[in-house]
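*Asks:* Sharing a structure below in structure tokens format, with a few things to ask.
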Amino acid sequence: MAPGIGDMLRGLMGGNAQGGAKQTASAPVTYNGYLIQPEPKPEGKQWLTAGVITKEIDGTVKEHRFVRGDYHGSRDTAAEFSIAKGQQIIDLEGDRIFD
């Protein structure tokens with residue numbers, strides 16, 4: 001089925017075909033040799049703290065995903081907090097997060 005005028009208007013206004021707001025990716029942050037990619041998760045009208053921490057160890061990229069029960073009113077605030085939480089995880093656990 002071809003897109004309708006409503007779909008085109010939502011696209012122009014920043015929405016998606018399902019009527020929700022368009023989600024934009026947050027920029028990853030390098031911290032102490034790790035890469036933190038914030039990935040806030042929508043939960044109703046709020047956002048959960050979440051992200052991915054990666055690091056190359058001996059030629060292999062290791063990945064640690066995290067989700068926390070902290071809720072935020074905006075995606076941007078959740079992304080900022082996700083970066084701070086990622087830094088805290090790295091400071092406390094270091095490479096043990098990949099075990």
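A note on labels: chains of the structure tokens are A, B, ... as shown, every chain counts residues from 1, and ligands are counted from 1 in their shown order.
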Any idea what's packed within 12 Å of A:Gly94, counting only C-alpha atoms, ignoring anything in its chain fewer than 3 positions away? Could you give it as a list of chain:residue names?
*Replies:*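 Near neighbours after the sequence-gap exclusion: A:Tyr31, A:Asn32, A:Gly33, A:Tyr34, A:Ile53, A:Thr54, A:Lys55, A:His64, A:Gly86, A:Gln87, A:Gln88, A:Ile89, A:Ile90, A:Asp91, A:Ile97, A:Phe98, A:Asp99.
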*Asks:* Where does DSSP see helix (DSSP H, G or I) in stretch 21-88 of chain A, if you list the residues as number ranges by chain?
*Replies:* A: 75-88
*Asks:* Output the selection as a PDB file, in the first residue's frame - C-alpha atoms for each residue.
*Replies:*
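Generated output (selection06.pdb):
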ATOM      1  CA  ARG A  75      15.268  10.740  25.745  1.00  0.00           C
ATOM      2  CA  ASP A  76      18.110  13.288  25.920  1.00  0.00           C
ATOM      3  CA  THR A  77      18.165  13.241  29.723  1.00  0.00           C
ATOM      4  CA  ALA A  78      18.116   9.431  29.702  1.00  0.00           C
ATOM      5  CA  ALA A  79      21.006   9.378  27.200  1.00  0.00           C
ATOM      6  CA  GLU A  80      23.096  11.728  29.360  1.00  0.00           C
ATOM      7  CA  PHE A  81      22.416   9.607  32.446  1.00  0.00           C
ATOM      8  CA  SER A  82      23.190   6.425  30.478  1.00  0.00           C
ATOM      9  CA  ILE A  83      26.646   7.799  29.680  1.00  0.00           C
ATOM     10  CA  ALA A  84      27.244   8.658  33.340  1.00  0.00           C
ATOM     11  CA  LYS A  85      26.043   5.181  34.383  1.00  0.00           C
ATOM     12  CA  GLY A  86      28.347   3.584  31.791  1.00  0.00           C
ATOM     13  CA  GLN A  87      31.289   5.527  33.205  1.00  0.00           C
ATOM     14  CA  GLN A  88      30.383   4.393  36.713  1.00  0.00           C
TER      15      GLN A  88
END
*Asks:* Need to verify the contact set: A:Glu39, 8 Å, only C-alpha atoms, exclusion of same-chain residues closer than 6 positions in sequence. Can you return it as a PyMOL selection string?
*Replies:* chain A and resi 25-26+49-52+79+82
*Asks:* Just how far from atom CA of A:Tyr71 is atom CA of A:Glu43, in Å to one decimal?
*Replies:*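 These two atoms are separated by 8.3 Å.
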